[in-house]
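Structure file data.cif with mmCIF, C-alpha atoms and all ligand atoms:
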```cif
data_model
loop_
_atom_site.label_atom_id
_atom_site.label_comp_id
_atom_site.auth_asym_id
_atom_site.auth_seq_id
_atom_site.Cartn_x
_atom_site.Cartn_y
_atom_site.Cartn_z
CA MET R 1 2.67 -23.08 11.47
CA LYS R 2 0.48 -20.04 12.19
CA LYS R 3 2.71 -17.16 11.24
CA PHE R 4 1.56 -13.57 11.04
CA THR R 5 3.50 -10.52 9.96
CA VAL R 6 2.79 -6.85 9.47
CA PHE R 7 4.17 -5.03 6.44
CA SER R 8 4.68 -1.38 7.24
CA GLY R 9 6.32 1.15 4.94
CA PHE R 10 5.51 4.46 3.31
CA LEU R 11 2.80 4.98 0.69
CA GLY R 12 3.84 3.49 -2.62
CA SER R 13 6.83 1.57 -1.25
CA GLY R 14 5.31 -1.62 -2.67
CA LYS R 15 3.57 -3.31 0.27
CA THR R 16 0.59 -4.53 -1.76
CA THR R 17 2.71 -5.65 -4.72
CA THR R 18 5.06 -7.50 -2.37
CA MET R 19 2.21 -9.13 -0.42
CA MET R 20 0.74 -10.34 -3.71
CA ARG R 21 4.05 -11.68 -5.02
CA LEU R 22 5.05 -13.23 -1.69
CA THR R 23 1.77 -14.96 -0.88
CA LYS R 24 1.65 -16.45 -4.37
CA TYR R 25 5.28 -17.57 -4.04
CA CYS R 26 4.67 -19.22 -0.64
CA THR R 27 1.47 -20.96 -1.75
CA ALA R 28 3.18 -22.26 -4.92
CA ASN R 29 5.97 -23.64 -2.74
CA GLY R 30 3.80 -25.64 -0.36
CA HIS R 31 3.16 -23.04 2.36
CA LYS R 32 -0.30 -21.60 1.84
CA ALA R 33 -0.31 -17.86 2.46
CA ALA R 34 -2.88 -15.05 2.41
CA MET R 35 -2.91 -11.27 2.60
CA ILE R 36 -5.02 -8.58 4.28
CA SER R 37 -5.13 -5.05 2.84
CA ASN R 38 -5.61 -2.36 5.45
CA ASP R 39 -6.73 0.58 3.29
CA LEU R 40 -8.92 3.17 5.05
CA GLY R 41 -12.56 3.82 4.14
CA HIS R 42 -15.98 2.79 5.31
CA GLY R 43 -17.80 -0.22 4.00
CA VAL R 44 -16.44 -0.58 0.49
CA ALA R 45 -13.93 -2.83 -1.22
CA LEU R 46 -10.99 -0.55 -1.94
CA ALA R 47 -8.47 -0.67 -4.77
CA ASP R 48 -5.73 -2.83 -3.25
CA ASN R 49 -8.07 -5.61 -2.17
CA ARG R 50 -9.98 -5.70 -5.44
CA PHE R 51 -6.78 -5.59 -7.48
CA ALA R 52 -5.28 -8.49 -5.49
CA GLY R 53 -8.50 -10.47 -5.96
CA PHE R 54 -8.56 -9.78 -9.71
CA CYS R 55 -4.95 -11.02 -9.87
CA GLY R 56 -5.90 -14.33 -8.22
CA CYS R 57 -4.44 -13.72 -4.74
CA ASP R 58 -5.94 -15.11 -1.53
CA ALA R 59 -6.83 -11.65 -0.25
CA SER R 60 -9.25 -9.81 2.05
CA GLN R 61 -9.37 -6.38 3.59
CA ILE R 62 -9.92 -4.48 6.83
CA THR R 63 -10.98 -0.94 6.02
CA ASP R 64 -12.95 0.51 8.90
CA ASP R 65 -9.90 1.37 10.93
CA CYS R 66 -6.15 0.90 11.10
CA ILE R 67 -5.36 -2.69 12.18
CA CYS R 68 -3.68 -1.05 15.17
CA TYR R 69 -7.08 -0.51 16.78
CA VAL R 70 -9.02 -3.65 15.87
CA ASN R 71 -7.13 -6.53 17.50
CA GLU R 72 -10.29 -8.67 17.88
CA GLN R 73 -11.34 -8.29 14.25
CA LEU R 74 -7.81 -9.06 13.13
CA ALA R 75 -7.62 -12.15 15.37
CA GLU R 76 -10.91 -13.45 13.97
CA ARG R 77 -9.65 -12.96 10.42
CA LEU R 78 -6.36 -14.69 11.19
CA ASP R 79 -8.16 -17.64 12.78
CA SER R 80 -10.29 -18.12 9.69
CA TYR R 81 -7.19 -18.19 7.49
CA TYR R 82 -5.40 -20.69 9.74
CA VAL R 83 -8.48 -22.97 9.82
CA ASP R 84 -8.28 -22.81 6.02
CA GLY R 85 -4.72 -24.18 6.13
CA CYS R 86 -2.73 -20.95 5.81
CA GLU R 87 0.73 -21.00 7.34
CA LEU R 88 1.47 -17.32 6.77
CA VAL R 89 -0.81 -14.29 6.82
CA VAL R 90 0.53 -10.84 5.94
CA SER R 91 -1.30 -7.60 6.62
CA ASP R 92 -0.16 -4.12 5.73
CA ILE R 93 -1.00 -0.99 7.69
CA PRO R 94 -1.85 2.33 6.04
CA GLY R 95 1.27 3.72 4.36
CA PHE R 96 1.59 6.68 6.72
CA GLY R 97 1.00 4.47 9.76
CA VAL R 98 3.37 4.01 12.67
CA GLY R 99 2.95 2.28 16.01
CA ALA R 100 1.83 -1.12 14.73
CA LEU R 101 4.63 -2.86 16.56
CA GLU R 102 3.10 -1.81 19.87
CA HIS R 103 -0.57 -1.81 18.90
CA VAL R 104 -0.71 -4.94 16.77
CA TYR R 105 2.13 -7.21 17.92
CA HIS R 106 1.85 -6.39 21.63
CA GLY R 107 -1.93 -5.98 21.41
CA LEU R 108 -2.40 -9.45 19.93
CA THR R 109 0.08 -11.00 22.35
CA GLU R 110 -1.57 -9.47 25.40
CA LYS R 111 -5.13 -10.30 24.34
CA PHE R 112 -4.47 -13.71 22.76
CA PRO R 113 -1.34 -15.05 24.47
CA GLY R 114 0.45 -17.86 22.65
CA GLN R 115 -2.08 -17.95 19.82
CA TYR R 116 -0.05 -16.46 16.98
CA GLU R 117 3.55 -16.88 15.88
CA LEU R 118 4.69 -13.39 15.12
CA ALA R 119 7.21 -13.14 12.29
CA PRO R 120 9.70 -10.24 12.19
CA PHE R 121 7.97 -6.88 12.05
CA THR R 122 8.64 -5.96 8.43
CA VAL R 123 9.06 -2.53 6.87
CA LEU R 124 9.33 -1.90 3.14
CA VAL R 125 11.33 0.99 1.82
CA GLU R 126 12.11 2.09 -1.70
CA PRO R 127 15.42 3.54 -2.96
CA LYS R 128 13.92 7.01 -3.40
CA THR R 129 13.09 7.17 0.32
CA VAL R 130 16.55 5.94 1.32
CA GLU R 131 17.99 8.69 -0.86
CA MET R 132 15.82 11.34 0.82
CA LEU R 133 16.70 10.14 4.32
CA ARG R 134 20.40 9.95 3.48
CA SER R 135 20.51 13.41 1.94
CA GLY R 136 18.30 15.00 4.61
CA THR R 137 15.66 16.08 2.07
CA SER R 138 12.68 14.14 3.41
CA GLY R 139 10.82 17.33 4.44
CA ASP R 140 7.67 17.45 6.54
CA LEU R 141 7.17 13.67 6.53
CA LYS R 142 10.63 12.77 7.85
CA TYR R 143 9.14 11.58 11.14
CA LEU R 144 7.03 8.98 9.31
CA TYR R 145 9.78 7.72 6.98
CA ASP R 146 12.23 7.37 9.84
CA THR R 147 9.91 6.04 12.54
CA GLN R 148 8.60 3.28 10.29
CA LEU R 149 12.18 2.05 9.89
CA VAL R 150 12.89 2.39 13.62
CA GLU R 151 10.08 -0.13 14.23
CA ALA R 152 11.51 -2.73 11.85
CA ASP R 153 12.87 -6.15 12.74
CA LEU R 154 13.24 -6.75 9.02
CA ILE R 155 13.78 -4.00 6.45
CA VAL R 156 12.90 -4.90 2.89
CA LEU R 157 14.62 -2.70 0.31
CA ASN R 158 12.14 -3.01 -2.56
CA LYS R 159 12.25 -1.85 -6.20
CA CYS R 160 15.87 -2.96 -6.57
CA ASP R 161 15.10 -3.42 -10.28
CA LEU R 162 15.17 0.38 -10.54
CA ILE R 163 18.76 0.71 -9.33
CA GLY R 164 22.01 -1.09 -10.13
CA GLU R 165 23.50 -3.81 -7.96
CA GLU R 166 26.12 -1.40 -6.64
CA GLN R 167 23.52 1.18 -5.54
CA ALA R 168 21.37 -1.54 -3.95
CA GLU R 169 24.37 -2.68 -1.94
CA LYS R 170 25.12 0.89 -0.83
CA ASP R 171 21.47 1.48 0.16
CA ALA R 172 21.33 -1.79 2.09
CA GLU R 173 24.56 -0.89 3.91
CA TRP R 174 23.21 2.55 4.81
CA LEU R 175 20.02 1.00 6.17
CA ALA R 176 21.98 -1.57 8.19
CA GLU R 177 24.19 1.14 9.69
CA ASN R 178 21.34 3.48 10.55
CA TYR R 179 18.83 0.89 11.76
CA PRO R 180 21.26 -1.62 13.28
CA LEU R 181 18.65 -3.75 15.06
CA ALA R 182 17.01 -4.77 11.77
CA LYS R 183 18.05 -7.38 9.23
CA VAL R 184 18.00 -6.01 5.66
CA VAL R 185 16.92 -7.95 2.57
CA ARG R 186 16.80 -6.71 -1.01
CA ILE R 187 13.96 -7.57 -3.36
CA SER R 188 12.04 -6.52 -6.41
CA ALA R 189 8.34 -7.23 -6.06
CA ALA R 190 8.05 -6.35 -9.76
CA THR R 191 10.41 -9.10 -10.96
CA GLY R 192 10.05 -11.49 -8.01
CA ASP R 193 13.77 -11.34 -7.16
CA GLY R 194 14.44 -12.01 -3.49
CA MET R 195 11.11 -13.74 -2.68
CA GLU R 196 12.84 -16.87 -1.39
CA GLU R 197 15.03 -14.87 0.96
CA LEU R 198 12.06 -12.83 2.16
CA ALA R 199 9.92 -15.94 2.74
CA ASN R 200 12.77 -17.60 4.66
CA ALA R 201 13.30 -14.51 6.79
CA LEU R 202 9.60 -14.54 7.74
CA PHE R 203 9.21 -18.28 8.31
CA GLU R 204 12.50 -18.72 10.15
CA GLY R 205 12.68 -15.38 11.96
CA LYS R 206 10.82 -14.19 15.04
CA ALA R 207 9.51 -10.82 16.13
CA SER R 208 11.91 -9.14 18.56
CA MET R 209 8.96 -7.59 20.45
CA ARG R 210 11.21 -4.71 21.39
CA ARG R 211 9.51 -1.45 22.28
CA PRO R 212 11.38 1.38 20.58
CA GLU R 213 10.64 4.92 21.72
CA ILE R 214 8.86 6.46 18.71
CA GLY R 215 7.17 9.47 20.28
CA TYR R 216 3.74 8.10 19.35
CA GLY R 217 1.15 10.85 19.67
CA GLY R 218 3.82 13.47 20.35
CA SER R 219 4.36 16.75 18.51
CA ASP R 220 6.44 15.30 15.62
CA PHE R 221 3.83 12.57 15.15
CA ALA R 222 1.00 15.11 15.20
CA PHE R 223 2.81 17.42 12.81
CA ALA R 224 3.41 14.70 10.20
CA MET R 225 0.02 13.02 10.58
CA GLY R 226 -1.63 16.44 10.42
CA LYS R 227 -0.35 16.75 6.85
CA MET R 228 -1.99 13.52 5.68
CA CYS R 229 -5.45 12.85 4.38
CA GLU R 230 -7.29 9.94 2.85
CA TYR R 231 -9.74 9.88 -0.04
CA TYR R 232 -11.85 7.47 -2.01
CA LEU R 233 -14.44 7.71 -4.74
CA GLN R 234 -16.48 4.83 -6.04
CA TYR R 235 -18.61 5.21 -9.16
CA HIS R 236 -20.15 3.44 -12.06
CA ALA R 237 -20.13 4.76 -15.61
CA VAL R 238 -21.94 3.89 -18.77
CA VAL R 239 -20.06 4.39 -21.98
CA CYS R 240 -21.74 5.78 -25.06
CA CYS R 241 -19.65 4.20 -27.82
CA ASN R 242 -17.94 0.93 -28.64
CA ASP R 243 -14.43 2.28 -28.80
CA PHE R 244 -13.97 3.42 -25.20
CA ASP R 245 -10.36 2.92 -24.11
CA GLY R 246 -10.37 2.32 -20.33
CA ASN R 247 -6.57 2.47 -20.18
CA ALA R 248 -6.35 5.93 -21.73
CA TYR R 249 -9.26 7.06 -19.51
CA LEU R 250 -7.52 6.08 -16.25
CA LEU R 251 -4.24 7.57 -17.40
CA ASP R 252 -5.94 10.85 -18.32
CA ILE R 253 -7.49 11.09 -14.83
CA ALA R 254 -4.11 10.39 -13.21
CA GLU R 255 -2.34 12.99 -15.34
CA LYS R 256 -4.98 15.61 -14.60
CA VAL R 257 -4.78 14.92 -10.86
CA LYS R 258 -1.00 15.18 -11.03
CA LYS R 259 -1.15 18.55 -12.79
CA ASP R 260 -3.88 20.00 -10.56
CA ILE R 261 -2.30 18.83 -7.31
CA ARG R 262 0.97 20.40 -8.39
CA GLU R 263 -0.82 23.64 -9.19
CA ALA R 264 -2.49 23.57 -5.77
CA GLY R 265 1.01 23.40 -4.26
CA CYS R 266 0.26 20.03 -2.65
CA ALA R 267 1.56 16.48 -2.87
CA ILE R 268 -0.14 13.18 -3.43
CA PRO R 269 2.16 10.32 -2.47
CA HIS R 270 -0.08 7.60 -3.92
CA LEU R 271 -3.38 7.50 -5.81
CA LYS R 272 -4.68 4.13 -6.99
CA LEU R 273 -7.01 4.08 -9.97
CA LEU R 274 -8.83 0.82 -10.63
CA ALA R 275 -11.64 0.16 -13.12
CA TRP R 276 -13.32 -3.05 -14.19
CA GLU R 277 -16.17 -4.18 -16.40
CA PRO R 278 -18.84 -6.85 -15.80
CA GLU R 279 -16.94 -9.62 -17.62
CA GLY R 280 -13.93 -9.15 -15.32
CA ASP R 281 -11.56 -7.28 -17.63
CA PHE R 282 -9.80 -4.50 -15.66
CA GLY R 283 -7.24 -1.72 -15.67
CA ARG R 284 -5.04 -0.32 -12.90
CA VAL R 285 -2.97 2.84 -12.89
CA ASP R 286 -0.88 4.25 -10.03
CA LEU R 287 0.07 7.85 -9.50
CA ILE R 288 3.07 7.91 -7.18
CA GLY R 289 3.95 11.47 -6.36
CA THR R 290 3.75 14.43 -8.67
CA ASP R 291 7.33 14.22 -9.97
CA ARG R 292 7.32 10.62 -11.23
CA GLU R 293 5.95 8.80 -14.25
CA THR R 294 2.42 7.50 -13.78
CA GLU R 295 2.53 3.68 -13.75
CA VAL R 296 0.16 1.43 -15.70
CA ASN R 297 0.01 -1.79 -13.71
CA HIS R 298 -2.72 -3.60 -15.60
CA ARG R 299 -4.35 -2.86 -18.94
CA PHE R 300 -7.89 -3.50 -20.15
CA ALA R 301 -7.57 -6.06 -22.92
CA ARG R 302 -10.62 -4.77 -24.83
CA PRO R 303 -12.78 -1.67 -25.23
CA CYS R 304 -15.75 -1.77 -22.85
CA THR R 305 -19.20 -0.24 -22.53
CA GLU R 306 -19.72 -0.16 -18.79
CA ILE R 307 -17.23 0.26 -15.94
CA ALA R 308 -17.04 0.45 -12.17
CA VAL R 309 -14.27 2.61 -10.81
CA ILE R 310 -12.51 3.06 -7.49
CA LEU R 311 -10.05 5.85 -6.95
CA ASN R 312 -8.41 5.79 -3.55
CA GLY R 313 -5.29 7.17 -2.05
CA SER R 314 -3.54 9.50 0.33
CA GLY R 315 -2.62 13.12 -0.01
CA GLU R 316 -0.18 15.39 1.76
CA CYS R 317 -2.73 18.20 1.72
CA PRO R 318 -6.07 19.22 3.26
CA ALA R 319 -8.78 16.60 2.62
CA GLY R 320 -10.95 19.18 0.86
CA THR R 321 -8.22 19.91 -1.68
CA LEU R 322 -7.74 16.25 -2.49
CA ASP R 323 -11.49 15.81 -2.84
CA GLU R 324 -11.80 18.81 -5.15
CA VAL R 325 -8.88 17.78 -7.32
CA VAL R 326 -9.61 14.05 -7.69
CA THR R 327 -13.40 14.28 -7.93
CA GLY R 328 -12.98 17.19 -10.33
CA ALA R 329 -10.55 15.23 -12.51
CA ALA R 330 -12.83 12.18 -12.62
CA GLU R 331 -15.80 14.34 -13.60
CA GLU R 332 -13.97 16.33 -16.25
CA VAL R 333 -12.28 13.34 -17.87
CA SER R 334 -15.54 11.36 -17.80
CA LYS R 335 -17.22 14.19 -19.67
CA LYS R 336 -14.44 14.22 -22.25
CA TYR R 337 -14.99 10.50 -22.84
CA ASP R 338 -18.78 10.88 -22.91
CA LEU R 339 -19.31 8.75 -19.81
CA GLU R 340 -22.38 9.03 -17.67
CA MET R 341 -21.17 8.83 -14.07
CA THR R 342 -23.16 7.59 -11.07
CA ILE R 343 -21.26 8.22 -7.85
CA HIS R 344 -21.96 5.58 -5.17
CA LYS R 345 -19.71 6.70 -2.38
CA LYS R 346 -17.10 9.27 -1.60
CA GLU R 347 -15.05 10.00 1.49
CA ALA R 348 -12.29 12.47 2.23
CA PHE R 349 -10.88 12.86 5.69
CA GLY R 350 -7.79 14.16 7.44
CA MET R 351 -5.72 11.91 9.68
CA MET R 352 -5.74 14.19 12.72
N1 LIG R 401 9.77 -0.90 -10.47
C1 LIG R 401 9.09 -1.40 -9.44
N2 LIG R 401 7.89 -0.92 -9.13
C2 LIG R 401 7.25 -1.49 -8.07
C3 LIG R 401 7.82 -2.53 -7.30
N3 LIG R 401 6.96 -2.84 -6.31
C4 LIG R 401 5.89 -2.03 -6.46
N4 LIG R 401 6.07 -1.21 -7.53
C5 LIG R 401 5.14 -0.20 -8.04
O1 LIG R 401 5.02 0.84 -7.07
C6 LIG R 401 3.70 1.35 -7.05
C7 LIG R 401 3.16 1.27 -5.63
O2 LIG R 401 3.10 -0.10 -5.23
P1 LIG R 401 2.06 -0.64 -4.14
O3 LIG R 401 2.37 -2.06 -3.93
O4 LIG R 401 0.69 -0.26 -4.55
O5 LIG R 401 2.51 0.25 -2.89
P2 LIG R 401 1.89 0.27 -1.41
O6 LIG R 401 3.04 0.31 -0.47
O7 LIG R 401 0.95 -0.84 -1.24
O8 LIG R 401 1.14 1.66 -1.40
P3 LIG R 401 -0.06 2.16 -0.42
O9 LIG R 401 -1.16 1.15 -0.51
O10 LIG R 401 -0.46 3.49 -0.95
O11 LIG R 401 0.52 2.29 0.95
C8 LIG R 401 2.89 0.51 -8.04
O12 LIG R 401 2.82 1.22 -9.26
C9 LIG R 401 3.73 -0.74 -8.19
O13 LIG R 401 3.59 -1.36 -9.45
C10 LIG R 401 9.11 -3.02 -7.67
O14 LIG R 401 9.69 -3.93 -7.10
N5 LIG R 401 9.70 -2.41 -8.74
MG MG R 402 -1.13 -0.81 -0.86
#
```
Rewrite the coordinates I just gave you, this time as C-alpha cells.
Amino acid sequence: MKKFTVFSGFLGSGKTTTMMRLTKYCTANGHKAAMISNDLGHGVALADNRFAGFCGCDASQITDDCICYVNEQLAERLDSYYVDGCELVVSDIPGFGVGALEHVYHGLTEKFPGQYELAPFTVLVEPKTVEMLRSGTSGDLKYLYDTQLVEADLIVLNKCDLIGEEQAEKDAEWLAENYPLAKVVRISAATGDGMEELANALFEGKASMRRPEIGYGGSDFAFAMGKMCEYYLQYHAVVCCNDFDGNAYLLDIAEKVKKDIREAGCAIPHLKLLAWEPEGDFGRVDLIGTDRETEVNHRFARPCTEIAVILNGSGECPAGTLDEVVTGAAEEVSKKYDLEMTIHKKEAFGMM
C-alpha cells in the first residue's frame, strides 16, 4: 500500500501530536508509517520536526513553502518513504492553511496519475473550536475554521480527554450535521484513544476528490489570511551556572509572550518553544492562545550548561508585533537567567 493523507486543522488542534501518535501506532502494528511537518520558514529545522525526531518518530519536514505549492518536492519525499517500506505517509499543512484538497490532492493526481493512493482528506478540530463555531463567536478567523472543515472527508475531533463522553458525542453530532459529507471520528492524541479507528479510516477509506467551493483567494480568504503571520527564532545560549533550569526558562518566555501579546491587543494561536542540549536532553512548551494554560509537553531531565532553542509559531497580529514581543521575551528572560545568546536566524512574515 502507498497511502498518503493530509492533516489539515487550525493551529494547535493537535495535528503534530496526532501524526506522532498515529505513525507510531501504525508502525507498531505492522504498517510502517511516517510523517512530514509542513511548518513555514527558510532552511532550518523547525520545532515540530525536531520534537518528533527527539520523540523517536519517523519524521521529516518541508518548510520552504506550503505543501500546496510544491507537488514535485512532496512526490519525491513520498517516493523515498515508500521505497523505505512505508505504507502510510501523513503530512500536515500550516494550521491556517486552506485549499490543500485542490492543490495537493488534485495537484498530485494530475501530475502523477495513479501513483499515490489518497486517503480521506483529514481535518482535525478541537472542542474549543467546535464551541466557537456553534456559538458564533469565532471572530475574524471564522472563514479559516469553517473552510478547513468544509474540505474534510474525515473530521477528527481531537482532545476528547478534555471533555466528557456526553460532550464529545454532542460535538461529534454537531460536526456531522454541519459538515454532512465528512465522516467524524473522536480521538485523544494525548492518551492514544481512537488511534485504531483513525488508522482504519485512513487505510480503508478513500479521498472523495470532491471540489467544494471555498472562495479560495476571495475577500473572506484575504481578510482572514491578512490577519495571520509567521515567526521563528533560532539561537544558541551558553549558561553561566550549573543549576540552570531549562523547563522554568521556557515557561518564563511563554508566560512573558502571553502577557505582552495580550497587552498589545493581539492574539497568538500557537507558539512552540523547544530547547535541547548537546547530550540530547530537551524541553518543549506550547503556548496555545492567550487565555489558556501554557502546556509543558516535555521536560528537561537535568540542569544543563548549553542549549539550542527554536521558537516558532503563528500570530494573529502584524509580523512586526510578533517579532518584537517574542524576540523581546527571549532576550529579557535570557538576561534574567544569565544566558549569553547567539541568534542564528530569525524570520517574521505576514501571510498576505
Ligand atoms: N489535552 C490534550 N492536548 C493535546 C491533544 N493533542 C494535542 N494536544 C496539545 O495541544 C497543543 C498543540 O498540539 P500540536 O500537535 O502541536 O498542534 P498542531 O495542530 O500541530 O499546531 P500547529 O503546528 O501550530 O498547527 C500541544 O500542547 C499538545 O500537547 C489531546 O488529545 N489532548
Ligand atoms: Mg504542528
Using all atoms listed in the file, determine which residues lie at most 6 Å from stretch 94-107 of chain R, disregarding the query and same-chain residues fewer than 3 positions distant; provide the list as a PDB file with C-alpha atoms, keeping the file's coordinate frame.
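So the final result, stored in selection35.pdb, reads:
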```pdb
ATOM      1  CA  GLY R   9       6.320   1.150   4.940  1.00  0.00           C
ATOM      2  CA  PHE R  10       5.510   4.460   3.310  1.00  0.00           C
ATOM      3  CA  LEU R  11       2.800   4.980   0.690  1.00  0.00           C
ATOM      4  CA  ASP R  39      -6.730   0.580   3.290  1.00  0.00           C
ATOM      5  CA  CYS R  68      -3.680  -1.050  15.170  1.00  0.00           C
ATOM      6  CA  GLU R 110      -1.570  -9.470  25.400  1.00  0.00           C
ATOM      7  CA  GLN R 148       8.600   3.280  10.290  1.00  0.00           C
TER       8      GLN R 148
END
```
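A distance cut-off of 6 Å from ligand LIG 401 (chain R), applied to all atoms listed in the file, picks out the residues Phe10, Leu11, Gly12, Ser13, Gly14, Lys15, Thr16, Thr17, Pro94, Gly95, Asn158, Lys159, Asp161, Leu162, Ser188, Ala189, Ala190, His270, Asp286, Glu295 and Asn297 of chain R.
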Selection export as a PDB file, in the frame of the given file, atoms kept: C-alpha atoms:
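Written output follows (result.pdb):
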```pdb
ATOM      1  CA  PHE R  10       5.510   4.460   3.310  1.00  0.00           C
ATOM      2  CA  LEU R  11       2.800   4.980   0.690  1.00  0.00           C
ATOM      3  CA  GLY R  12       3.840   3.490  -2.620  1.00  0.00           C
ATOM      4  CA  SER R  13       6.830   1.570  -1.250  1.00  0.00           C
ATOM      5  CA  GLY R  14       5.310  -1.620  -2.670  1.00  0.00           C
ATOM      6  CA  LYS R  15       3.570  -3.310   0.270  1.00  0.00           C
ATOM      7  CA  THR R  16       0.590  -4.530  -1.760  1.00  0.00           C
ATOM      8  CA  THR R  17       2.710  -5.650  -4.720  1.00  0.00           C
ATOM      9  CA  PRO R  94      -1.850   2.330   6.040  1.00  0.00           C
ATOM     10  CA  GLY R  95       1.270   3.720   4.360  1.00  0.00           C
ATOM     11  CA  ASN R 158      12.140  -3.010  -2.560  1.00  0.00           C
ATOM     12  CA  LYS R 159      12.250  -1.850  -6.200  1.00  0.00           C
ATOM     13  CA  ASP R 161      15.100  -3.420 -10.280  1.00  0.00           C
ATOM     14  CA  LEU R 162      15.170   0.380 -10.540  1.00  0.00           C
ATOM     15  CA  SER R 188      12.040  -6.520  -6.410  1.00  0.00           C
ATOM     16  CA  ALA R 189       8.340  -7.230  -6.060  1.00  0.00           C
ATOM     17  CA  ALA R 190       8.050  -6.350  -9.760  1.00  0.00           C
ATOM     18  CA  HIS R 270      -0.080   7.600  -3.920  1.00  0.00           C
ATOM     19  CA  ASP R 286      -0.880   4.250 -10.030  1.00  0.00           C
ATOM     20  CA  GLU R 295       2.530   3.680 -13.750  1.00  0.00           C
ATOM     21  CA  ASN R 297       0.010  -1.790 -13.710  1.00  0.00           C
TER      22      ASN R 297
END
```
- request: Quote the spacing between atom CA of R:Glu76 and atom CA of R:Ile93 in Å to one decimal place.
  value: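 Interatomic distance here is 17.1 Å.
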task: Point out the residue among R:Glu126, R:Glu331, R:Glu316, R:Asp64 with the least atom-to-atom distance to R:Gly265, counting all atoms listed in the file.
output: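 Comparing R:Glu126, R:Glu331, R:Glu316, R:Asp64 against R:Gly265, the winner is R:Glu316.
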Determine the axis-aligned bounding box of all atoms of stretch 31-50 of chain R present in the file, pad each side by 6 Å, and express its centre and edge lengths in Å to one decimal place as lines of an AutoDock Vina configuration file.
```
center_x = -7.3
center_y = -9.6
center_z = 0.0
size_x = 33.0
size_y = 38.9
size_z = 22.9
```
message: I'd like to know which of R:Asp92, R:Asp281, R:Glu230, R:Glu72 is closest to ligand MG 402 (chain R), using only C-alpha atoms and all ligand atoms.
response: R:Asp92
field: Nearest to R:Cys304, chosen from R:Leu287, R:Leu339, R:Phe349, R:Phe244, with all atoms listed in the file counted in the distances
entry: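 With all atoms listed in the file as the atom set, the closest residue is R:Phe244.
Comparing the minimum interatomic distances between ligand MG 402 (chain R) and each of R:Tyr179, R:Phe7, R:Phe54, R:Tyr69, counting all atoms listed in the file, we find that R:Phe7 sits nearest.
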List the spatial neighbours of R:Asn200 as a PDB file with C-alpha atoms, keeping the file's coordinate frame - criterion: any atom at most 12 Å away, only C-alpha atoms, same-chain residues fewer than 2 positions off excluded.
```pdb
ATOM      1  CA  LEU R  22       5.050 -13.230  -1.690  1.00  0.00           C
ATOM      2  CA  TYR R  25       5.280 -17.570  -4.040  1.00  0.00           C
ATOM      3  CA  CYS R  26       4.670 -19.220  -0.640  1.00  0.00           C
ATOM      4  CA  ASN R  29       5.970 -23.640  -2.740  1.00  0.00           C
ATOM      5  CA  HIS R  31       3.160 -23.040   2.360  1.00  0.00           C
ATOM      6  CA  LEU R  88       1.470 -17.320   6.770  1.00  0.00           C
ATOM      7  CA  ALA R 119       7.210 -13.140  12.290  1.00  0.00           C
ATOM      8  CA  PRO R 120       9.700 -10.240  12.190  1.00  0.00           C
ATOM      9  CA  LEU R 154      13.240  -6.750   9.020  1.00  0.00           C
ATOM     10  CA  VAL R 185      16.920  -7.950   2.570  1.00  0.00           C
ATOM     11  CA  GLY R 194      14.440 -12.010  -3.490  1.00  0.00           C
ATOM     12  CA  MET R 195      11.110 -13.740  -2.680  1.00  0.00           C
ATOM     13  CA  GLU R 196      12.840 -16.870  -1.390  1.00  0.00           C
ATOM     14  CA  GLU R 197      15.030 -14.870   0.960  1.00  0.00           C
ATOM     15  CA  LEU R 198      12.060 -12.830   2.160  1.00  0.00           C
ATOM     16  CA  LEU R 202       9.600 -14.540   7.740  1.00  0.00           C
ATOM     17  CA  PHE R 203       9.210 -18.280   8.310  1.00  0.00           C
ATOM     18  CA  GLU R 204      12.500 -18.720  10.150  1.00  0.00           C
ATOM     19  CA  GLY R 205      12.680 -15.380  11.960  1.00  0.00           C
ATOM     20  CA  LYS R 206      10.820 -14.190  15.040  1.00  0.00           C
TER      21      LYS R 206
END
```
- request: Using atom CA of R:Ala199 and atom CA of R:Leu157 as the two end points, give the distance in Å to one decimal.
  value: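 Distance between the two atoms: 14.3 Å.
Residues in contact with R:Ala75 at up to 9 Å, not including ones fewer than 5 positions away on its chain and judged by all atoms listed in the file, are Val70, Ser80, Leu108, Phe112 and Tyr116 of chain R.
Considering only C-alpha atoms and all ligand atoms, the residue among R:Cys240, R:Val333, R:Met20, R:Ile155 positioned nearest to ligand MG 402 (chain R) is R:Met20.
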query: Taking (-0.2, -20.1, 1.6) in the file's coordinates as the center, which residues reach within 8 Å of it, counting only C-alpha atoms, put as a list of chain:residue names?
result: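 Returned residue set, sorted by chain then number, is R:Thr23, R:Lys24, R:Cys26, R:Thr27, R:Ala28, R:Gly30, R:His31, R:Lys32, R:Ala33, R:Ala34, R:Gly85, R:Cys86, R:Glu87, R:Leu88, R:Val89.
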message: What's around R:Ala172 at 12 Å? Count only C-alpha atoms, leave out sequence neighbours fewer than 5 positions away in its own chain, and write the answer as an MDAnalysis selection string.
response: chainID R and resid 125:127 130:131 134 154:158 160 163 165:167 177:180 182:187
Please, could you write that set of residues out with C-alpha atoms as a short mmCIF file (atom, residue, chain, number, x, y, z; two decimals), in the frame of the given file?
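Below is the file that was written, part.cif:
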```
data_model
loop_
_atom_site.label_atom_id
_atom_site.label_comp_id
_atom_site.auth_asym_id
_atom_site.auth_seq_id
_atom_site.Cartn_x
_atom_site.Cartn_y
_atom_site.Cartn_z
CA VAL R 125 11.33 0.99 1.82
CA GLU R 126 12.11 2.09 -1.70
CA PRO R 127 15.42 3.54 -2.96
CA VAL R 130 16.55 5.94 1.32
CA GLU R 131 17.99 8.69 -0.86
CA ARG R 134 20.40 9.95 3.48
CA LEU R 154 13.24 -6.75 9.02
CA ILE R 155 13.78 -4.00 6.45
CA VAL R 156 12.90 -4.90 2.89
CA LEU R 157 14.62 -2.70 0.31
CA ASN R 158 12.14 -3.01 -2.56
CA CYS R 160 15.87 -2.96 -6.57
CA ILE R 163 18.76 0.71 -9.33
CA GLU R 165 23.50 -3.81 -7.96
CA GLU R 166 26.12 -1.40 -6.64
CA GLN R 167 23.52 1.18 -5.54
CA GLU R 177 24.19 1.14 9.69
CA ASN R 178 21.34 3.48 10.55
CA TYR R 179 18.83 0.89 11.76
CA PRO R 180 21.26 -1.62 13.28
CA ALA R 182 17.01 -4.77 11.77
CA LYS R 183 18.05 -7.38 9.23
CA VAL R 184 18.00 -6.01 5.66
CA VAL R 185 16.92 -7.95 2.57
CA ARG R 186 16.80 -6.71 -1.01
CA ILE R 187 13.96 -7.57 -3.36
#
```
